[in-house]
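K.L.:
Here you go, my_file-v9.cif (mmCIF, C-alpha atoms):
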```cif
data_run
#
loop_
_atom_site.label_atom_id
_atom_site.label_comp_id
_atom_site.auth_asym_id
_atom_site.auth_seq_id
_atom_site.Cartn_x
_atom_site.Cartn_y
_atom_site.Cartn_z
CA MET A 115 27.07 -213.29 23.56
CA ALA A 116 28.86 -209.96 23.67
CA LYS A 117 30.13 -210.37 20.12
CA PHE A 118 26.57 -210.01 18.83
CA LEU A 119 25.91 -206.63 20.46
CA SER A 120 27.29 -204.52 17.60
CA PHE A 121 25.53 -206.75 15.12
CA GLY A 122 22.26 -206.10 16.95
CA GLN A 123 22.77 -202.35 16.83
CA ASP A 124 23.44 -202.45 13.09
CA ALA A 125 20.54 -204.84 12.51
CA ARG A 126 18.15 -202.46 14.28
CA ARG A 127 19.25 -199.69 11.93
CA ILE A 128 18.68 -201.96 8.94
CA ALA A 129 15.27 -203.05 10.26
CA GLU A 130 14.17 -199.41 10.40
CA ALA A 131 14.94 -199.06 6.67
CA ASP A 132 12.04 -201.29 5.50
CA SER A 133 14.49 -204.10 4.84
CA VAL A 134 14.49 -207.90 4.84
CA ALA A 135 16.39 -210.46 6.89
CA VAL A 136 17.37 -213.61 5.00
CA ILE A 137 18.30 -216.59 7.17
CA GLY A 138 20.17 -219.29 5.27
CA LEU A 139 22.50 -218.25 2.47
CA GLY A 140 22.66 -221.28 0.23
CA ARG A 141 21.98 -220.94 -3.50
CA PHE A 142 18.38 -219.84 -3.02
CA GLY A 143 19.00 -217.54 -0.05
CA THR A 144 22.01 -215.90 -1.66
CA SER A 145 20.23 -215.36 -4.97
CA LEU A 146 17.23 -213.88 -3.14
CA ALA A 147 19.38 -211.61 -0.97
CA LEU A 148 21.43 -210.29 -3.90
CA GLU A 149 18.29 -209.66 -5.97
CA LEU A 150 16.74 -207.73 -3.08
CA MET A 151 19.91 -205.65 -2.82
CA ALA A 152 19.83 -204.97 -6.56
CA SER A 153 16.26 -203.70 -6.22
CA GLY A 154 17.27 -201.23 -3.50
CA THR A 155 16.20 -203.21 -0.42
CA GLU A 156 18.61 -203.40 2.49
CA VAL A 157 19.33 -206.98 3.56
CA LEU A 158 20.60 -208.62 6.72
CA GLY A 159 21.99 -212.04 5.80
CA VAL A 160 22.44 -214.76 8.42
CA ASP A 161 24.19 -218.11 7.99
CA GLY A 162 26.17 -220.52 10.14
CA ASP A 163 28.90 -221.08 7.55
CA GLU A 164 31.85 -218.72 7.96
CA GLU A 165 33.03 -219.25 4.37
CA ILE A 166 29.63 -218.25 2.96
CA VAL A 167 29.45 -215.23 5.23
CA GLN A 168 32.91 -214.08 4.17
CA SER A 169 32.08 -214.53 0.48
CA LEU A 170 29.07 -212.21 0.82
CA ASN A 171 30.82 -209.58 2.91
CA GLY A 172 30.34 -206.23 1.18
CA GLN A 173 27.59 -207.54 -1.11
CA LEU A 174 24.80 -207.34 1.47
CA THR A 175 24.02 -204.49 3.84
CA GLN A 176 25.16 -206.74 6.67
CA VAL A 177 26.00 -210.44 6.78
CA VAL A 178 26.48 -212.32 10.03
CA ARG A 179 27.65 -215.79 11.03
CA ALA A 180 25.16 -216.97 13.65
CA ASP A 181 23.06 -219.91 14.80
CA ALA A 182 19.48 -218.94 13.91
CA THR A 183 18.05 -221.87 15.89
CA ARG A 184 18.81 -220.05 19.16
CA LEU A 185 16.33 -217.52 20.47
CA ASP A 186 18.98 -215.49 22.30
CA VAL A 187 20.97 -215.11 19.07
CA LEU A 188 17.93 -213.94 17.12
CA GLU A 189 17.19 -211.43 19.87
CA GLN A 190 20.75 -210.13 19.81
CA LEU A 191 20.43 -209.74 16.04
CA ALA A 192 17.18 -207.79 16.50
CA ILE A 193 15.42 -210.15 14.08
CA GLY A 194 12.13 -209.49 15.87
CA GLU A 195 12.31 -205.85 14.73
CA PHE A 196 12.19 -206.78 11.03
CA ASP A 197 8.82 -206.64 9.29
CA ARG A 198 9.85 -209.34 6.80
CA VAL A 199 12.08 -212.36 7.33
CA VAL A 200 12.83 -215.17 4.89
CA VAL A 201 13.86 -218.59 6.20
CA ALA A 202 15.88 -219.91 3.26
CA ILE A 203 17.34 -222.91 5.10
CA GLY A 204 16.92 -225.96 2.88
CA THR A 205 19.40 -228.70 3.74
CA ASP A 206 18.56 -228.91 7.47
CA ILE A 207 14.78 -229.29 7.81
CA THR A 208 14.96 -229.37 11.61
CA ALA A 209 16.84 -226.06 11.67
CA SER A 210 14.33 -224.57 9.23
CA ILE A 211 11.36 -225.56 11.37
CA LEU A 212 12.97 -224.45 14.62
CA THR A 213 14.00 -221.09 13.15
CA ALA A 214 10.50 -220.49 11.80
CA SER A 215 9.03 -221.35 15.19
CA LEU A 216 11.32 -218.86 16.93
CA LEU A 217 10.42 -216.13 14.44
CA LEU A 218 6.76 -216.70 15.18
CA GLN A 219 7.57 -216.51 18.87
CA LEU A 220 9.24 -213.14 18.21
CA ARG A 221 6.04 -212.07 16.41
CA VAL A 222 7.72 -211.19 13.11
CA PRO A 223 4.84 -209.73 11.02
CA VAL A 224 5.63 -211.51 7.73
CA ILE A 225 7.59 -214.75 7.50
CA TRP A 226 8.44 -216.49 4.23
CA ALA A 227 10.03 -219.92 4.32
CA LYS A 228 11.55 -222.27 1.76
CA ALA A 229 10.30 -225.86 1.82
CA VAL A 230 12.14 -228.76 0.23
CA ASP A 231 9.06 -230.99 -0.08
CA GLU A 232 5.35 -231.18 0.74
CA ARG A 233 5.86 -232.60 4.24
CA HIS A 234 8.31 -229.87 5.15
CA GLY A 235 5.92 -227.28 3.76
CA ALA A 236 2.95 -228.75 5.65
CA VAL A 237 4.80 -228.42 8.96
CA LEU A 238 5.75 -224.81 8.21
CA GLU A 239 2.15 -223.99 7.33
CA GLN A 240 0.88 -225.68 10.50
CA LEU A 241 3.29 -223.59 12.54
CA GLY A 242 1.73 -220.46 11.05
CA VAL A 243 4.39 -219.36 8.53
CA HIS A 244 2.72 -216.77 6.32
CA ARG A 245 4.09 -217.89 2.95
CA VAL A 246 5.77 -221.18 2.05
CA VAL A 247 7.64 -221.42 -1.24
CA TYR A 248 8.99 -224.42 -3.14
CA PRO A 249 11.82 -223.06 -5.36
CA GLU A 250 12.89 -226.37 -6.90
CA LYS A 251 9.35 -227.58 -7.46
CA ASP A 252 8.20 -224.26 -8.89
CA MET A 253 11.19 -224.03 -11.22
CA GLY A 254 10.67 -227.62 -12.36
CA ARG A 255 7.03 -226.90 -13.20
CA ARG A 256 7.99 -223.72 -15.05
CA VAL A 257 10.67 -225.42 -17.13
CA ALA A 258 8.29 -228.28 -17.93
CA HIS A 259 5.82 -225.82 -19.45
CA LEU A 260 8.59 -224.17 -21.46
CA VAL A 261 9.95 -227.48 -22.71
CA ARG A 262 6.61 -228.82 -23.90
CA GLY A 263 5.26 -225.53 -25.26
CA ALA A 264 6.18 -222.77 -27.67
CA ALA A 265 6.30 -219.95 -25.12
CA ALA A 266 9.48 -217.91 -24.73
CA ASP A 267 8.77 -217.56 -21.01
CA TYR A 268 6.17 -218.83 -18.57
CA LEU A 269 4.92 -217.61 -15.18
CA GLU A 270 2.35 -219.51 -13.16
CA ILE A 271 0.23 -216.93 -11.34
CA ASP A 272 -1.85 -219.56 -9.55
CA ARG A 273 -2.88 -223.15 -10.12
CA GLY A 274 -4.44 -223.33 -13.59
CA TYR A 275 -3.73 -219.66 -14.45
CA ALA A 276 -0.60 -218.33 -16.08
CA MET A 277 1.15 -215.66 -18.11
CA VAL A 278 3.29 -216.48 -21.12
CA LYS A 279 5.59 -214.49 -23.34
CA THR A 280 5.28 -215.47 -26.98
CA VAL A 281 5.35 -214.12 -30.53
CA ALA A 282 2.18 -212.50 -31.91
CA PRO A 283 0.61 -214.99 -34.36
CA GLN A 284 0.11 -213.98 -37.98
CA SER A 285 -3.68 -213.85 -37.56
CA LEU A 286 -3.28 -210.75 -35.36
CA HIS A 287 -0.97 -208.78 -37.63
CA GLY A 288 -2.23 -205.48 -38.98
CA ILE A 289 -5.56 -205.32 -37.11
CA THR A 290 -6.56 -203.89 -33.75
CA LEU A 291 -6.98 -206.16 -30.76
CA THR A 292 -10.67 -205.27 -30.75
CA GLU A 293 -10.98 -206.53 -34.31
CA ALA A 294 -8.95 -209.62 -33.47
CA ALA A 295 -11.37 -210.52 -30.61
CA VAL A 296 -8.62 -212.47 -28.87
CA ARG A 297 -10.54 -213.01 -25.66
CA GLY A 298 -13.64 -214.30 -27.38
CA THR A 299 -11.76 -216.45 -29.86
CA HIS A 300 -8.96 -217.84 -27.72
CA GLY A 301 -10.12 -217.25 -24.13
CA VAL A 302 -7.00 -215.27 -23.20
CA THR A 303 -6.05 -211.62 -22.75
CA ILE A 304 -3.07 -209.84 -24.33
CA ALA A 305 -1.81 -207.68 -21.48
CA ALA A 306 1.27 -206.11 -23.07
CA PHE A 307 3.27 -206.03 -26.27
CA ARG A 308 6.68 -205.07 -27.58
CA HIS A 309 7.60 -204.18 -31.13
CA ALA A 310 10.93 -205.60 -32.33
CA HIS A 311 13.80 -204.01 -30.37
CA GLY A 312 11.33 -201.66 -28.64
CA ASP A 313 10.00 -201.25 -25.11
CA TRP A 314 7.08 -203.02 -23.48
CA HIS A 315 3.70 -201.23 -23.50
CA ASN A 316 0.31 -202.03 -22.03
CA ALA A 317 -1.98 -203.40 -24.71
CA GLN A 318 -5.04 -201.31 -25.58
CA ALA A 319 -8.17 -201.98 -27.62
CA ASP A 320 -6.64 -200.09 -30.58
CA THR A 321 -3.21 -201.77 -30.36
CA VAL A 322 -2.06 -203.10 -33.74
CA LEU A 323 0.49 -205.90 -33.72
CA ARG A 324 3.11 -206.53 -36.38
CA ASP A 325 5.26 -209.40 -37.54
CA GLY A 326 7.92 -210.17 -34.93
CA ASP A 327 6.12 -208.48 -32.03
CA ALA A 328 6.31 -210.12 -28.61
CA VAL A 329 3.21 -210.29 -26.42
CA LEU A 330 2.40 -211.16 -22.81
CA VAL A 331 -0.71 -213.31 -22.70
CA VAL A 332 -2.71 -214.01 -19.53
CA GLY A 333 -5.36 -216.67 -18.98
CA PRO A 334 -6.06 -220.30 -18.06
CA THR A 335 -2.88 -222.34 -18.42
CA THR A 336 -4.17 -224.67 -21.14
CA LYS A 337 -5.46 -221.75 -23.19
CA VAL A 338 -2.35 -219.57 -23.00
CA GLU A 339 -0.21 -222.56 -23.95
CA ARG A 340 -2.51 -223.28 -26.87
CA PHE A 341 -2.30 -219.62 -27.92
CA ALA A 342 1.52 -219.81 -27.80
CA GLN A 343 1.36 -222.62 -30.35
CA LEU A 344 -0.26 -220.32 -32.95
CA ARG A 345 1.91 -219.09 -35.77
#
```
Take the structure I supplied and represent it as structure tokens, if you would.

P.N.:
Amino acid sequence: MAKFLSFGQDARRIAEADSVAVIGLGRFGTSLALELMASGTEVLGVDGDEEIVQSLNGQLTQVVRADATRLDVLEQLAIGEFDRVVVAIGTDITASILTASLLLQLRVPVIWAKAVDERHGAVLEQLGVHRVVYPEKDMGRRVAHLVRGAAADYLEIDRGYAMVKTVAPQSLHGITLTEAAVRGTHGVTIAAFRHAHGDWHNAQADTVLRDGDAVLVVGPTTKVERFAQLR
């Protein structure tokens, strides 16, 4: 285990920097880790595939080839000193569950884990994982709403409640949002707007929308989708 000692020293330094450890660097884990890096968060990446590890060398704060299903390895990597760890293992459900169990044993304060299906997710939740995510399922649901609707973008905030990006309908052009009475008429709230080629701004009662403006609309899923159909 001596080869992990320097890794552990570096990992402890990273852990002190309010960073995240990502275990499993497949498509989801890699995308997550790189996005965290782009946002200024230091990342320790862990994967058992040497080729993957080499491909990410220099792109993450530290990337290590290691078996995350072994407690002694996680201890050498100082994973227990991270406040946030993401288990992004998807292809090997057994490894995912075992890794999550070990992280709980190490008392990691916040553990996120990827689940490939409902049964996998149920086991992770029963173990005590703090947040279980379903990337493929969530993306499929999001695309379905975009395909069947007129929204330019769609974000499900919770079951039955969503935010959509769409074009301001003609009925709202040239009047204030107070005069338009969007909430009373359509049951949704316009949270933000952007004039053509401009920046996004929070919507106010006296905001006046124009032809071609984009808006972010929040409300019950059926109502925001119905609003996005307006022209």

K.L.:
May I have the protein, DNA and RNA residues with an atom at most 12 Å from (-1.5, -223.7, -34.3), counting all atoms listed in the file in the file's coordinates, returned as number ranges by chain?

P.N.:
A: 263-264, 283-285, 300, 337, 339-345

K.L.:
Find the residues around A:Gly288 up to 7 Å (only C-alpha atoms counted), leave out those fewer than 2 positions away in its own chain, and share them as a PyMOL selection string.

P.N.:
chain A and resi 286+290+322-324

K.L.:
Rank nothing, just name the residue among A:Ala147, A:Leu212, A:Val278, A:Leu260 nearest to A:Thr335, using only C-alpha atoms.

P.N.:
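Residue with the minimum atom-to-atom distance to A:Thr335: A:Val278.
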
K.L.:
Do you know which residues are at most 9 Å from A:Ala180 counting all atoms listed in the file, after dropping those on the same chain fewer than 6 positions away, and could you put them as a list in words?

P.N.:
Phe118, Val160, Asp161, Gly162, Asp163, Glu164, Val187, Leu188 and Leu191 of chain A

K.L.:
On this file, the PyMOL selection byres ((chain A and resi 331) around 8) gives some set of residues; write that set as JSON, numbers by chain.

P.N.:
{"A": [277, 278, 279, 280, 302, 303, 304, 305, 306, 329, 330, 332, 333, 338]}

K.L.:
Please measure the separation of atom CA of A:Arg179 and atom CA of A:Gly242, giving the value in Å to one decimal.

P.N.:
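These atoms are spaced 26.3 Å apart.
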
K.L.:
Any idea what the distance is between atom CA of A:Ala294 and atom CA of A:Ala282?

P.N.:
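Taking atom CA of A:Ala294 and atom CA of A:Ala282, their separation equals 11.6 Å.
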
K.L.:
Run through the PyMOL selection byres ((chain A and resi 319) around 8) on the given coordinates and return the selected residues as a list in words.

P.N.:
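After applying the PyMOL selection byres ((chain A and resi 319) around 8), what remains is Thr290, Leu291, Thr292, Ala317, Gln318, Asp320 and Thr321 of chain A.
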
K.L.:
For the PyMOL selection byres ((chain A and resi 173) around 10), applied here, can you spell out every residue it catches as a PyMOL selection string?

P.N.:
chain A and resi 147-148+151-152+157+159+168-172+174-177

K.L.:
Go ahead and save the picked residues with C-alpha atoms, as a CSV table (one decimal), keeping the file's coordinate frame.

P.N.:
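Final output, saved to selection-v7.csv:
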```
chain,number,residue,atom,x,y,z
A,147,ALA,CA,19.4,-211.6,-1.0
A,148,LEU,CA,21.4,-210.3,-3.9
A,151,MET,CA,19.9,-205.6,-2.8
A,152,ALA,CA,19.8,-205.0,-6.6
A,157,VAL,CA,19.3,-207.0,3.6
A,159,GLY,CA,22.0,-212.0,5.8
A,168,GLN,CA,32.9,-214.1,4.2
A,169,SER,CA,32.1,-214.5,0.5
A,170,LEU,CA,29.1,-212.2,0.8
A,171,ASN,CA,30.8,-209.6,2.9
A,172,GLY,CA,30.3,-206.2,1.2
A,174,LEU,CA,24.8,-207.3,1.5
A,175,THR,CA,24.0,-204.5,3.8
A,176,GLN,CA,25.2,-206.7,6.7
A,177,VAL,CA,26.0,-210.4,6.8
```

K.L.:
Please compute the atom CA of A:Arg256-atom CA of A:Tyr268 distance, one decimal, in Å.

P.N.:
6.3 Å

K.L.:
For A:Ile137, work out the shell of residues within 8 Å, counting only C-alpha atoms and skipping chain neighbours fewer than 2 positions away, then give it as number ranges by chain.

P.N.:
A: 135, 139, 143, 159-161, 182, 199-203

K.L.:
Which residue out of A:Glu270, A:Glu149, A:Asp197, A:Asp186 has the minimum interatomic distance to A:Ile128 when all atoms listed in the file are used?

P.N.:
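Closest to A:Ile128, using all atoms listed in the file: A:Asp197.
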